[in-house]
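Okay, structure-v8.tsv is below, TSV, C-alpha atoms and all ligand atoms:
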```
chain	number	residue	atom	x	y	z
A	1	MET	CA	86.74	86.23	106.11
A	2	LYS	CA	87.09	89.86	107.15
A	3	LYS	CA	85.73	92.84	105.20
A	4	ILE	CA	87.66	95.95	106.14
A	5	LEU	CA	87.24	99.69	105.58
A	6	ILE	CA	90.47	101.69	105.99
A	7	THR	CA	90.57	105.46	106.49
A	8	GLY	CA	93.76	107.31	105.54
A	9	ALA	CA	94.48	104.37	103.25
A	10	LEU	CA	96.91	106.32	101.07
A	11	GLY	CA	99.00	107.58	103.99
A	12	GLN	CA	102.28	106.23	105.34
A	13	ILE	CA	100.85	103.14	107.06
A	14	GLY	CA	97.59	102.82	105.13
A	15	SER	CA	99.16	102.51	101.69
A	16	GLU	CA	101.10	99.39	102.68
A	17	LEU	CA	98.48	98.04	105.07
A	18	THR	CA	95.83	98.11	102.32
A	19	VAL	CA	98.00	96.09	99.93
A	20	LYS	CA	98.97	93.58	102.64
A	21	LEU	CA	95.37	93.10	103.82
A	22	ARG	CA	94.21	92.57	100.22
A	23	ASP	CA	96.84	89.82	99.87
A	24	ILE	CA	95.45	88.11	102.97
A	25	TYR	CA	91.70	88.73	102.81
A	26	GLY	CA	91.15	89.27	99.07
A	27	GLN	CA	91.18	92.35	96.85
A	28	ASP	CA	87.48	93.17	97.13
A	29	ASN	CA	87.37	92.71	100.91
A	30	VAL	CA	89.52	95.76	101.69
A	31	ILE	CA	87.98	99.16	100.94
A	32	ALA	CA	90.56	101.92	100.80
A	33	THR	CA	89.36	105.45	101.59
A	34	ASP	CA	91.20	108.75	101.71
A	35	ILE	CA	90.53	112.45	101.37
A	36	ARG	CA	92.07	112.43	97.87
A	37	LYS	CA	93.10	109.83	95.34
A	38	THR	CA	96.73	109.36	94.39
A	39	ASP	CA	98.10	107.16	91.65
A	40	SER	CA	99.14	104.37	94.02
A	41	GLU	CA	98.76	100.62	94.33
A	42	ALA	CA	96.37	100.96	97.29
A	43	ALA	CA	94.10	103.28	95.29
A	44	ASN	CA	94.26	101.30	92.06
A	45	ASN	CA	94.24	97.61	92.91
A	46	GLY	CA	90.89	97.33	94.71
A	47	PRO	CA	87.85	99.32	95.86
A	48	PHE	CA	88.64	102.97	96.60
A	49	GLU	CA	86.34	105.75	97.82
A	50	ILE	CA	86.93	109.41	98.66
A	51	LEU	CA	86.25	109.97	102.37
A	52	ASP	CA	86.94	112.97	104.57
A	53	VAL	CA	86.95	111.44	108.07
A	54	MET	CA	85.17	114.56	109.35
A	55	ASP	CA	82.13	113.45	107.34
A	56	ALA	CA	80.40	111.09	109.78
A	57	ASN	CA	77.44	110.34	107.50
A	58	LYS	CA	79.59	109.32	104.56
A	59	MET	CA	81.71	107.07	106.78
A	60	VAL	CA	78.63	105.14	107.93
A	61	GLU	CA	77.23	105.16	104.38
A	62	LEU	CA	80.42	103.58	102.95
A	63	ALA	CA	80.68	101.03	105.77
A	64	ASN	CA	77.07	100.06	104.99
A	65	LYS	CA	77.53	100.08	101.23
A	66	TYR	CA	80.37	97.55	101.41
A	67	ASN	CA	78.91	95.65	104.36
A	68	VAL	CA	82.23	95.73	106.26
A	69	ASP	CA	82.82	94.06	109.62
A	70	THR	CA	86.01	95.95	110.52
A	71	ILE	CA	87.17	99.57	110.44
A	72	MET	CA	90.83	100.56	110.63
A	73	HIS	CA	91.12	104.24	111.32
A	74	MET	CA	94.53	105.44	110.14
A	75	ALA	CA	93.81	109.06	109.10
A	76	ALA	CA	95.59	111.51	111.42
A	77	LEU	CA	97.88	114.51	111.52
A	78	LEU	CA	101.36	113.59	112.89
A	79	SER	CA	103.23	115.24	115.75
A	80	ALA	CA	105.18	118.05	114.09
A	81	THR	CA	102.28	119.21	111.88
A	82	ALA	CA	99.92	119.01	114.85
A	83	GLU	CA	102.24	121.37	116.74
A	84	THR	CA	102.01	123.97	113.98
A	85	LYS	CA	98.21	123.58	113.57
A	86	PRO	CA	96.94	122.58	117.03
A	87	VAL	CA	93.27	123.51	116.54
A	88	PHE	CA	93.05	121.76	113.18
A	89	ALA	CA	94.87	118.76	114.71
A	90	TRP	CA	92.35	118.54	117.54
A	91	ASN	CA	89.42	118.78	115.14
A	92	LEU	CA	90.78	116.24	112.67
A	93	ASN	CA	92.40	113.76	115.05
A	94	MET	CA	89.58	113.72	117.59
A	95	GLY	CA	86.68	114.37	115.19
A	96	GLY	CA	87.83	111.64	112.80
A	97	LEU	CA	88.36	109.20	115.64
A	98	MET	CA	84.92	109.86	117.16
A	99	ASN	CA	83.30	109.34	113.76
A	100	ALA	CA	85.16	106.05	113.30
A	101	LEU	CA	84.27	104.85	116.81
A	102	GLU	CA	80.63	105.81	116.30
A	103	THR	CA	80.58	103.97	112.95
A	104	ALA	CA	81.98	100.90	114.73
A	105	ARG	CA	79.38	101.18	117.51
A	106	GLU	CA	76.44	101.73	115.18
A	107	LEU	CA	77.34	98.89	112.80
A	108	ASN	CA	78.98	96.56	115.35
A	109	LEU	CA	82.40	96.58	113.65
A	110	GLN	CA	85.78	95.46	114.93
A	111	PHE	CA	87.92	98.58	115.33
A	112	PHE	CA	91.63	99.42	115.10
A	113	THR	CA	93.44	102.71	115.49
A	114	PRO	CA	97.12	103.37	116.22
A	115	SER	CA	98.32	105.34	119.21
A	116	SER	CA	101.98	106.37	119.45
A	117	ILE	CA	105.01	106.84	121.67
A	118	GLY	CA	103.78	110.44	121.45
A	119	ALA	CA	101.20	109.51	124.11
A	120	PHE	CA	104.04	109.73	126.65
A	121	GLY	CA	105.50	112.92	128.07
A	122	PRO	CA	108.49	114.36	129.91
A	123	ASN	CA	107.56	112.89	133.30
A	124	THR	CA	107.00	109.37	131.92
A	125	PRO	CA	109.87	106.98	132.86
A	126	LYS	CA	112.26	107.36	129.88
A	127	ASP	CA	113.85	103.91	129.73
A	128	SER	CA	111.92	100.67	129.33
A	129	THR	CA	108.76	102.77	129.56
A	130	PRO	CA	106.12	100.44	131.05
A	131	GLN	CA	102.79	99.60	129.41
A	132	ASP	CA	100.87	101.30	132.23
A	133	THR	CA	102.56	104.48	133.38
A	134	ILE	CA	102.34	108.27	133.67
A	135	GLN	CA	100.95	109.87	130.48
A	136	ARG	CA	101.10	113.65	130.58
A	137	PRO	CA	102.25	114.55	127.02
A	138	THR	CA	103.15	118.16	126.24
A	139	THR	CA	102.21	118.11	122.54
A	140	MET	CA	98.81	118.43	120.85
A	141	TYR	CA	99.46	115.12	119.08
A	142	GLY	CA	100.16	113.48	122.44
A	143	VAL	CA	97.01	114.95	123.97
A	144	ASN	CA	95.05	113.54	120.99
A	145	LYS	CA	96.67	110.13	121.38
A	146	VAL	CA	96.00	109.84	125.12
A	147	ALA	CA	92.40	110.95	124.61
A	148	GLY	CA	92.13	108.43	121.75
A	149	GLU	CA	93.43	105.59	123.91
A	150	LEU	CA	90.89	106.44	126.61
A	151	LEU	CA	88.05	106.73	124.09
A	152	ALA	CA	88.86	103.35	122.55
A	153	ASP	CA	88.83	101.79	126.04
A	154	TYR	CA	85.56	103.60	126.78
A	155	TYR	CA	83.85	102.28	123.64
A	156	PHE	CA	84.88	98.75	124.62
A	157	HIS	CA	83.73	98.99	128.25
A	158	ARG	CA	80.62	101.09	127.66
A	159	PHE	CA	79.32	99.70	124.35
A	160	GLY	CA	81.20	96.42	123.89
A	161	VAL	CA	82.90	97.59	120.65
A	162	ASP	CA	85.84	95.27	119.86
A	163	THR	CA	88.43	98.06	119.91
A	164	ARG	CA	92.13	97.23	119.56
A	165	GLY	CA	95.27	99.33	119.16
A	166	VAL	CA	99.02	99.70	119.55
A	167	ARG	CA	101.38	102.54	120.44
A	168	PHE	CA	103.62	102.72	117.38
A	169	PRO	CA	107.17	104.04	117.54
A	170	GLY	CA	108.67	105.81	114.50
A	171	LEU	CA	107.90	103.72	111.42
A	172	ILE	CA	110.46	103.28	108.67
A	173	SER	CA	109.54	102.31	105.12
A	174	TYR	CA	110.79	102.66	101.55
A	175	VAL	CA	107.26	102.82	100.07
A	176	THR	CA	105.29	105.91	101.14
A	177	PRO	CA	107.27	108.67	102.88
A	178	PRO	CA	105.83	109.93	106.17
A	179	GLY	CA	104.78	113.57	106.46
A	180	GLY	CA	104.92	115.86	109.46
A	181	GLY	CA	106.30	113.43	112.04
A	182	THR	CA	109.16	113.84	114.50
A	183	THR	CA	110.73	110.46	113.74
A	184	ASP	CA	110.74	111.13	109.95
A	185	TYR	CA	114.49	111.91	110.02
A	186	ALA	CA	115.09	108.17	110.29
A	187	VAL	CA	113.38	107.69	106.92
A	188	GLU	CA	114.77	110.78	105.14
A	189	ILE	CA	118.32	109.79	106.06
A	190	TYR	CA	118.16	106.65	103.89
A	191	TYR	CA	116.87	108.58	100.85
A	192	GLU	CA	119.57	111.24	101.25
A	193	ALA	CA	122.30	108.66	101.86
A	194	ILE	CA	121.55	107.10	98.48
A	195	LYS	CA	120.87	110.32	96.57
A	196	ASN	CA	123.56	112.63	98.01
A	197	GLY	CA	125.80	110.63	100.36
A	198	LYS	CA	125.06	113.06	103.19
A	199	TYR	CA	122.20	114.13	105.44
A	200	SER	CA	121.51	117.19	107.58
A	201	SER	CA	119.53	116.01	110.61
A	202	TYR	CA	116.91	118.10	112.38
A	203	ILE	CA	117.16	115.74	115.37
A	204	ASP	CA	120.30	116.09	117.47
A	205	LYS	CA	122.88	113.38	118.12
A	206	GLY	CA	122.23	111.48	121.34
A	207	THR	CA	118.42	111.61	120.95
A	208	TYR	CA	117.10	108.07	121.34
A	209	MET	CA	113.66	107.16	120.01
A	210	ASP	CA	111.96	103.81	119.42
A	211	MET	CA	111.60	102.70	115.81
A	212	MET	CA	110.16	99.82	113.78
A	213	TYR	CA	110.39	98.64	110.17
A	214	MET	CA	107.06	98.77	108.33
A	215	PRO	CA	106.73	94.98	107.72
A	216	ASP	CA	106.81	94.47	111.50
A	217	ALA	CA	104.25	97.25	112.01
A	218	LEU	CA	101.84	95.64	109.51
A	219	GLY	CA	102.40	92.24	111.13
A	220	ALA	CA	101.58	93.74	114.54
A	221	ILE	CA	98.26	95.18	113.31
A	222	ILE	CA	97.20	91.93	111.67
A	223	ASP	CA	98.26	89.75	114.62
A	224	LEU	CA	96.49	91.97	117.15
A	225	MET	CA	93.28	92.02	115.10
A	226	GLU	CA	93.38	88.22	114.83
A	227	ALA	CA	94.27	87.70	118.51
A	228	ASP	CA	92.01	85.72	120.82
A	229	PRO	CA	90.04	88.42	122.71
A	230	SER	CA	90.02	86.36	125.91
A	231	LYS	CA	93.83	86.77	126.09
A	232	LEU	CA	93.72	90.57	125.81
A	233	ILE	CA	94.02	92.27	129.15
A	234	HIS	CA	94.85	95.66	127.64
A	235	ARG	CA	93.13	95.64	124.19
A	236	ASN	CA	94.16	99.19	123.26
A	237	ALA	CA	97.42	101.05	123.11
A	238	PHE	CA	99.87	98.16	123.43
A	239	ASN	CA	103.50	99.33	123.52
A	240	VAL	CA	105.26	97.84	120.47
A	241	THR	CA	108.84	98.48	119.37
A	242	ALA	CA	111.67	96.83	117.47
A	243	MET	CA	114.72	98.97	118.25
A	244	THR	CA	115.93	102.23	119.69
A	245	PHE	CA	118.76	104.33	118.27
A	246	GLU	CA	120.05	107.88	117.97
A	247	PRO	CA	121.30	109.57	114.76
A	248	GLU	CA	124.99	108.65	115.21
A	249	GLU	CA	124.18	104.96	115.61
A	250	LEU	CA	121.96	105.03	112.54
A	251	THR	CA	124.74	106.80	110.63
A	252	ALA	CA	127.30	104.15	111.66
A	253	GLU	CA	124.96	101.44	110.37
A	254	ILE	CA	124.42	103.22	107.02
A	255	LYS	CA	128.21	103.70	106.69
A	256	LYS	CA	128.63	99.91	106.63
A	257	HIS	CA	126.89	100.03	103.23
A	258	ILE	CA	127.84	103.56	102.05
A	259	PRO	CA	131.30	104.21	103.58
A	260	GLY	CA	131.52	107.88	102.56
A	261	PHE	CA	128.13	108.79	104.08
A	262	GLU	CA	128.20	111.83	106.38
A	263	ILE	CA	125.71	113.33	108.80
A	264	SER	CA	125.57	116.97	109.93
A	265	TYR	CA	123.12	118.68	112.28
A	266	ASN	CA	120.73	121.58	111.83
A	267	VAL	CA	118.48	120.98	114.83
A	268	ASP	CA	114.84	122.07	114.57
A	269	PRO	CA	113.84	123.30	118.05
A	270	VAL	CA	110.18	122.29	117.63
A	271	ARG	CA	110.81	118.69	116.61
A	272	GLN	CA	113.76	118.35	119.01
A	273	ALA	CA	111.55	119.44	121.92
A	274	ILE	CA	108.95	116.85	120.90
A	275	ALA	CA	111.62	114.13	120.68
A	276	ASP	CA	113.05	115.12	124.06
A	277	SER	CA	109.62	114.67	125.65
A	278	TRP	CA	109.31	111.08	124.35
A	279	PRO	CA	110.82	107.89	125.82
A	280	ASN	CA	114.28	106.56	124.93
A	281	SER	CA	112.93	103.02	124.76
A	282	ILE	CA	109.60	101.41	125.56
A	283	ASP	CA	108.80	98.02	127.06
A	284	ALA	CA	106.69	95.84	124.74
A	285	SER	CA	106.33	92.85	127.06
A	286	ALA	CA	102.53	93.19	127.50
A	287	ALA	CA	102.09	92.86	123.70
A	288	ALA	CA	104.45	89.87	123.69
A	289	GLU	CA	102.58	88.17	126.54
A	290	GLU	CA	98.99	88.91	125.48
A	291	TRP	CA	99.17	88.30	121.71
A	292	GLY	CA	102.69	87.11	120.90
A	293	PHE	CA	104.13	90.32	119.44
A	294	LYS	CA	107.73	89.94	118.24
A	295	ALA	CA	109.51	92.18	115.72
A	296	LYS	CA	111.67	90.48	113.10
A	297	PHE	CA	113.86	93.41	111.98
A	298	ASP	CA	116.62	95.07	114.01
A	299	LEU	CA	118.71	98.12	113.00
A	300	SER	CA	121.14	96.07	110.97
A	301	SER	CA	118.65	93.94	109.00
A	302	MET	CA	116.33	96.92	108.47
A	303	THR	CA	119.16	99.11	107.14
A	304	ALA	CA	120.35	96.43	104.72
A	305	ASP	CA	116.80	95.94	103.40
A	306	MET	CA	115.95	99.67	103.23
A	307	LEU	CA	119.09	100.50	101.25
A	308	GLU	CA	118.64	97.59	98.87
A	309	LYS	CA	114.97	98.42	98.19
A	310	LEU	CA	115.57	102.17	97.89
A	311	LYS	CA	118.50	101.72	95.50
A	312	ALA	CA	116.22	99.73	93.22
A	313	LYS	CA	113.50	102.38	93.51
A	314	LEU	CA	115.41	105.68	93.22
B	1	LIG	C1	105.56	111.05	114.62
B	1	LIG	O1	106.80	111.22	114.64
B	1	LIG	O2	104.73	111.94	114.80
B	1	LIG	C2	105.06	109.64	114.42
B	1	LIG	C3	104.85	108.95	115.73
B	1	LIG	C4	105.98	108.41	116.48
B	1	LIG	O3	103.74	108.85	116.17
B	1	LIG	N1	105.97	108.91	113.59
```

I need this file expressed as C-alpha cells, please.
Ligand code: AKB
Amino acid sequence: MKKILITGALGQIGSELTVKLRDIYGQDNVIATDIRKTDSEAANNGPFEILDVMDANKMVELANKYNVDTIMHMAALLSATAETKPVFAWNLNMGGLMNALETARELNLQFFTPSSIGAFGPNTPKDSTPQDTIQRPTTMYGVNKVAGELLADYYFHRFGVDTRGVRFPGLISYVTPPGGGTTDYAVEIYYEAIKNGKYSSYIDKGTYMDMMYMPDALGAIIDLMEADPSKLIHRNAFNVTAMTFEPEELTAEIKKHIPGFEISYNVDPVRQAIADSWPNSIDASAAAEEWGFKAKFDLSSMTADMLEKLKAKL
C-alpha cells in the first residue's frame, strides 16, 4: 500500500488527484498539502497540512511525520502567470521542485511531477511532436519545465530516485478551475456556455493545442506510478494527450448541446504567443508502448460529460 504526500493538493490537478488516490489507497494514506487551506473535499476528507514548497525543512518534516513512501509534486505557477512574474516563477517552480526532489532523495521516496506541452518551443516539430525532439521553449514556464525534466532524469541516474512524469496537455475539468494557464480558455468556455450562452476567447480561431479530460489525466498519473520500472525506457516527461482542437471546433461541439451558443474573439497577445509556440498535436506512442497509456475521452464524450456535470453544479 502506498503512502503519498501531495504538494499543491488544492490546485487544479491536486484537488481531484487527492480524492482519487484516497479512494484507491485509503483516506489516511494520502496527505494533502498546500500553501493555504480552502473549504474543499481534498482539504477536508483526510490529512491536510499547510506547506509552502519553498520551505525545504517543513517538506522533509511532513514526509517524515507521516512516513510516506511517495511524493507527488504538483505545486507550480502556470504558463501565463509565469510570463507576468518570471523571477517569482523561476524561484517557485525550480525551488519547489528541487526541495521535492531532495526530499525524495533523502527519504528514498517514489517521485512524480508533471511536465507540460509548454516544454516545447517554436522550433519543435509542430505536428505529431515526437517524444524525443528539439526543446527550446521561449517562455519562463517552458524553461522551468525543460529544466525540471532534466533534473528528474538526473535524480534517477545520479541517485537512483524512482522519478516518473508526464508532459500534460491542457487539462479540462468541471471541479477546480485552472488559474493562469494558456489552455484555460477550453475550460472557461464550458462555464460561459452554460451561464451566458456566449464566450469571448483570448485564444484565436485556428490555434490547435493538445487537451485531455481530467479523469484521463488522473488515470495516467496512477498508471505510470504503478508501472513496472523495467518497462520504462523514458521514466520522465512522457508525452500524453487525448485530443487536439482549436476554438471553432470546440464551439461546434458545444453547439450540439447548446444550439444558440456563440463564440467571439478578443485575442490576448501574451497567451496567443505562448500558444503559437506550442505544438498542434503531440505523439503519445512512447507512453502507450512503455506503460499502456490510453485516453478514454475524446472531444465529443468529454463535452457531453462536462456540460452535464457543470449544469448540475452551476
Ligand atoms: C498551461 O496552459 O499553462 C497549462 C499547461 C499546458 O501546462 N495548462

Would you give me, as CSV, each residue of segment 131-231 of chain A having an atom within 10 Å of an atom of segment 286-292 of chain A, along with its shortest atom pair and that distance in Å to one decimal, using all atoms listed in the file and sorting by chain and residue number?
```
residue,atom,partner,partner_atom,distance
A:Gln131,CA,A:Ala286,CA,6.7
A:Asp132,CA,A:Ala286,CA,9.5
A:Val166,CA,A:Ala287,CA,8.6
A:Ala220,CA,A:Ala287,CA,9.2
A:Asp223,CA,A:Trp291,CA,7.3
A:Leu224,CA,A:Trp291,CA,6.4
A:Met225,CA,A:Trp291,CA,9.6
A:Glu226,CA,A:Trp291,CA,9.0
A:Ala227,CA,A:Trp291,CA,5.9
A:Asp228,CA,A:Trp291,CA,7.7
A:Pro229,CA,A:Trp291,CA,9.2
A:Ser230,CA,A:Glu290,CA,9.3
A:Lys231,CA,A:Glu290,CA,5.6
```

Limited to C-alpha atoms, could you put the picked residues into a file as a PDB file, keeping the file's coordinate frame?
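Saved to result_1.pdb:
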```
ATOM      1  CA  GLN A 131     102.790  99.600 129.410  1.00  0.00           C
ATOM      2  CA  ASP A 132     100.870 101.300 132.230  1.00  0.00           C
ATOM      3  CA  VAL A 166      99.020  99.700 119.550  1.00  0.00           C
ATOM      4  CA  ALA A 220     101.580  93.740 114.540  1.00  0.00           C
ATOM      5  CA  ASP A 223      98.260  89.750 114.620  1.00  0.00           C
ATOM      6  CA  LEU A 224      96.490  91.970 117.150  1.00  0.00           C
ATOM      7  CA  MET A 225      93.280  92.020 115.100  1.00  0.00           C
ATOM      8  CA  GLU A 226      93.380  88.220 114.830  1.00  0.00           C
ATOM      9  CA  ALA A 227      94.270  87.700 118.510  1.00  0.00           C
ATOM     10  CA  ASP A 228      92.010  85.720 120.820  1.00  0.00           C
ATOM     11  CA  PRO A 229      90.040  88.420 122.710  1.00  0.00           C
ATOM     12  CA  SER A 230      90.020  86.360 125.910  1.00  0.00           C
ATOM     13  CA  LYS A 231      93.830  86.770 126.090  1.00  0.00           C
TER      14      LYS A 231
END
```

Have a look at A:Leu250, A:Leu151, A:Ala100, A:Ala80 and name the one nearest to ligand LIG 1 (chain B); count all atoms listed in the file.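 Going through A:Leu250, A:Leu151, A:Ala100, A:Ala80 one by one, the smallest distance to ligand LIG 1 (chain B) is for A:Ala80.
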
Mind running chain A against ligand LIG 1 (chain B) at 10 Å and telling me each contacting residue's nearest atom pair with the distance in Å (one decimal), counting all atoms listed in the file, chain and number ascending, as a Markdown table?
```
| residue | atom | partner | partner_atom | distance |
| --- | --- | --- | --- | --- |
| A:Gln12 | CA | B:LIG1 | N1 | 9.4 |
| A:Ala76 | CA | B:LIG1 | O2 | 9.8 |
| A:Leu77 | CA | B:LIG1 | O2 | 8.0 |
| A:Leu78 | CA | B:LIG1 | O2 | 4.2 |
| A:Ser79 | CA | B:LIG1 | O2 | 3.7 |
| A:Ala80 | CA | B:LIG1 | O2 | 6.2 |
| A:Thr81 | CA | B:LIG1 | O2 | 8.2 |
| A:Ala82 | CA | B:LIG1 | O2 | 8.6 |
| A:Glu83 | CA | B:LIG1 | O2 | 9.9 |
| A:Pro114 | CA | B:LIG1 | O3 | 8.6 |
| A:Ser115 | CA | B:LIG1 | O3 | 7.1 |
| A:Ser116 | CA | B:LIG1 | O3 | 4.5 |
| A:Ile117 | CA | B:LIG1 | C4 | 5.5 |
| A:Gly118 | CA | B:LIG1 | O3 | 5.5 |
| A:Ala119 | CA | B:LIG1 | O3 | 8.4 |
| A:Tyr141 | CA | B:LIG1 | O2 | 7.5 |
| A:Gly142 | CA | B:LIG1 | O3 | 8.6 |
| A:Lys145 | CA | B:LIG1 | O3 | 8.9 |
| A:Arg167 | CA | B:LIG1 | O3 | 8.0 |
| A:Phe168 | CA | B:LIG1 | C4 | 6.2 |
| A:Pro169 | CA | B:LIG1 | C4 | 4.7 |
| A:Gly170 | CA | B:LIG1 | N1 | 4.2 |
| A:Leu171 | CA | B:LIG1 | N1 | 5.9 |
| A:Ile172 | CA | B:LIG1 | N1 | 8.7 |
| A:Pro178 | CA | B:LIG1 | N1 | 7.5 |
| A:Gly179 | CA | B:LIG1 | O2 | 8.5 |
| A:Gly180 | CA | B:LIG1 | O2 | 6.6 |
| A:Gly181 | CA | B:LIG1 | O1 | 3.4 |
| A:Thr182 | CA | B:LIG1 | O1 | 3.5 |
| A:Thr183 | CA | B:LIG1 | O1 | 4.1 |
| A:Asp184 | CA | B:LIG1 | O1 | 6.1 |
| A:Tyr185 | CA | B:LIG1 | O1 | 9.0 |
| A:Ala186 | CA | B:LIG1 | N1 | 9.7 |
| A:Met209 | CA | B:LIG1 | C4 | 8.5 |
| A:Asp210 | CA | B:LIG1 | C4 | 8.1 |
| A:Met211 | CA | B:LIG1 | C4 | 8.0 |
| A:Met212 | CA | B:LIG1 | C4 | 9.9 |
| A:Arg271 | CA | B:LIG1 | O1 | 8.7 |
| A:Ile274 | CA | B:LIG1 | O1 | 8.7 |
| A:Ala275 | CA | B:LIG1 | O1 | 8.3 |
| A:Trp278 | CA | B:LIG1 | C4 | 9.0 |
```

Grab the atom CA of Leu10 of chain A to atom CA of Gly165 of chain A distance for me, in Å with one decimal place. 19.5 Å

Atom CA of Ile258 of chain A to atom CA of Ile13 of chain A, straight-line distance in Å: 27.5 Å

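Shortest separation to Val146 of chain A among A:Asn93, A:Asn196, A:Thr241, A:Ser277 occurs at residue A:Asn93, atoms counted being only C-alpha atoms.
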
Which one is closest to Met214 of chain A: A:Ile254, A:Met302, A:Ala152, A:Ala43? Count only C-alpha atoms. A:Met302

Would you work out the distance separating atom CA of Tyr25 of chain A from atom CA of Lys2 of chain A, expressed in Å to one decimal?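 Between these atoms lies a distance of 6.4 Å.
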
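Minimum atom-to-atom distance to Phe120 of chain A, evaluated using all atoms listed in the file, belongs to A:Pro137 out of A:Pro177, A:Pro137, A:Gly160, A:Gly197.
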
With distances taken over all atoms listed in the file, which residue among A:Ile203, A:Ala242, A:Val270, A:Leu314 lies nearest Lys294 of chain A?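 With all atoms listed in the file as the atom set, the closest residue is A:Ala242.
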
Your completed segment 267-273 of chain A with all heavy atoms, as a PDB file, in the coordinates of the input:
```
ATOM      1  N   VAL A 267     119.565 121.439 113.945  1.00  0.00           N
ATOM      2  CA  VAL A 267     118.480 120.980 114.830  1.00  0.00           C
ATOM      3  C   VAL A 267     117.276 121.920 114.753  1.00  0.00           C
ATOM      4  O   VAL A 267     117.427 123.140 114.835  1.00  0.00           O
ATOM      5  CB  VAL A 267     119.009 120.848 116.277  1.00  0.00           C
ATOM      6  CG1 VAL A 267     117.880 120.520 117.239  1.00  0.00           C
ATOM      7  CG2 VAL A 267     120.093 119.771 116.335  1.00  0.00           C
ATOM      8  N   ASP A 268     116.100 121.309 114.570  1.00  0.00           N
ATOM      9  CA  ASP A 268     114.840 122.070 114.570  1.00  0.00           C
ATOM     10  C   ASP A 268     114.298 122.069 116.000  1.00  0.00           C
ATOM     11  O   ASP A 268     113.964 121.010 116.539  1.00  0.00           O
ATOM     12  CB  ASP A 268     113.862 121.374 113.608  1.00  0.00           C
ATOM     13  CG  ASP A 268     112.440 121.908 113.765  1.00  0.00           C
ATOM     14  OD1 ASP A 268     112.259 123.005 114.336  1.00  0.00           O
ATOM     15  OD2 ASP A 268     111.498 121.213 113.326  1.00  0.00           O
ATOM     16  N   PRO A 269     114.230 123.254 116.630  1.00  0.00           N
ATOM     17  CA  PRO A 269     113.840 123.300 118.050  1.00  0.00           C
ATOM     18  C   PRO A 269     112.471 122.685 118.328  1.00  0.00           C
ATOM     19  O   PRO A 269     112.273 122.079 119.380  1.00  0.00           O
ATOM     20  CB  PRO A 269     113.848 124.786 118.395  1.00  0.00           C
ATOM     21  CG  PRO A 269     114.233 125.530 117.177  1.00  0.00           C
ATOM     22  CD  PRO A 269     114.518 124.571 116.060  1.00  0.00           C
ATOM     23  N   VAL A 270     111.529 122.823 117.384  1.00  0.00           N
ATOM     24  CA  VAL A 270     110.180 122.290 117.630  1.00  0.00           C
ATOM     25  C   VAL A 270     110.217 120.763 117.691  1.00  0.00           C
ATOM     26  O   VAL A 270     109.761 120.130 118.652  1.00  0.00           O
ATOM     27  CB  VAL A 270     109.184 122.776 116.539  1.00  0.00           C
ATOM     28  CG1 VAL A 270     107.828 122.111 116.713  1.00  0.00           C
ATOM     29  CG2 VAL A 270     109.047 124.291 116.598  1.00  0.00           C
ATOM     30  N   ARG A 271     110.798 120.158 116.643  1.00  0.00           N
ATOM     31  CA  ARG A 271     110.810 118.690 116.610  1.00  0.00           C
ATOM     32  C   ARG A 271     111.756 118.112 117.656  1.00  0.00           C
ATOM     33  O   ARG A 271     111.506 117.042 118.216  1.00  0.00           O
ATOM     34  CB  ARG A 271     111.149 118.200 115.196  1.00  0.00           C
ATOM     35  CG  ARG A 271     109.946 118.358 114.271  1.00  0.00           C
ATOM     36  CD  ARG A 271     110.234 117.948 112.856  1.00  0.00           C
ATOM     37  NE  ARG A 271     111.064 118.940 112.171  1.00  0.00           N
ATOM     38  CZ  ARG A 271     111.389 118.863 110.886  1.00  0.00           C
ATOM     39  NH1 ARG A 271     110.971 117.851 110.154  1.00  0.00           N
ATOM     40  NH2 ARG A 271     112.129 119.797 110.324  1.00  0.00           N
ATOM     41  N   GLN A 272     112.852 118.846 117.970  1.00  0.00           N
ATOM     42  CA  GLN A 272     113.760 118.350 119.010  1.00  0.00           C
ATOM     43  C   GLN A 272     113.053 118.333 120.372  1.00  0.00           C
ATOM     44  O   GLN A 272     113.178 117.378 121.140  1.00  0.00           O
ATOM     45  CB  GLN A 272     115.024 119.241 119.076  1.00  0.00           C
ATOM     46  CG  GLN A 272     116.080 118.738 120.070  1.00  0.00           C
ATOM     47  CD  GLN A 272     116.632 117.362 119.695  1.00  0.00           C
ATOM     48  OE1 GLN A 272     116.865 117.070 118.526  1.00  0.00           O
ATOM     49  NE2 GLN A 272     116.803 116.483 120.678  1.00  0.00           N
ATOM     50  N   ALA A 273     112.276 119.388 120.646  1.00  0.00           N
ATOM     51  CA  ALA A 273     111.550 119.440 121.920  1.00  0.00           C
ATOM     52  C   ALA A 273     110.544 118.286 122.011  1.00  0.00           C
ATOM     53  O   ALA A 273     110.373 117.674 123.081  1.00  0.00           O
ATOM     54  CB  ALA A 273     110.833 120.786 122.068  1.00  0.00           C
TER      55      ALA A 273
END
```
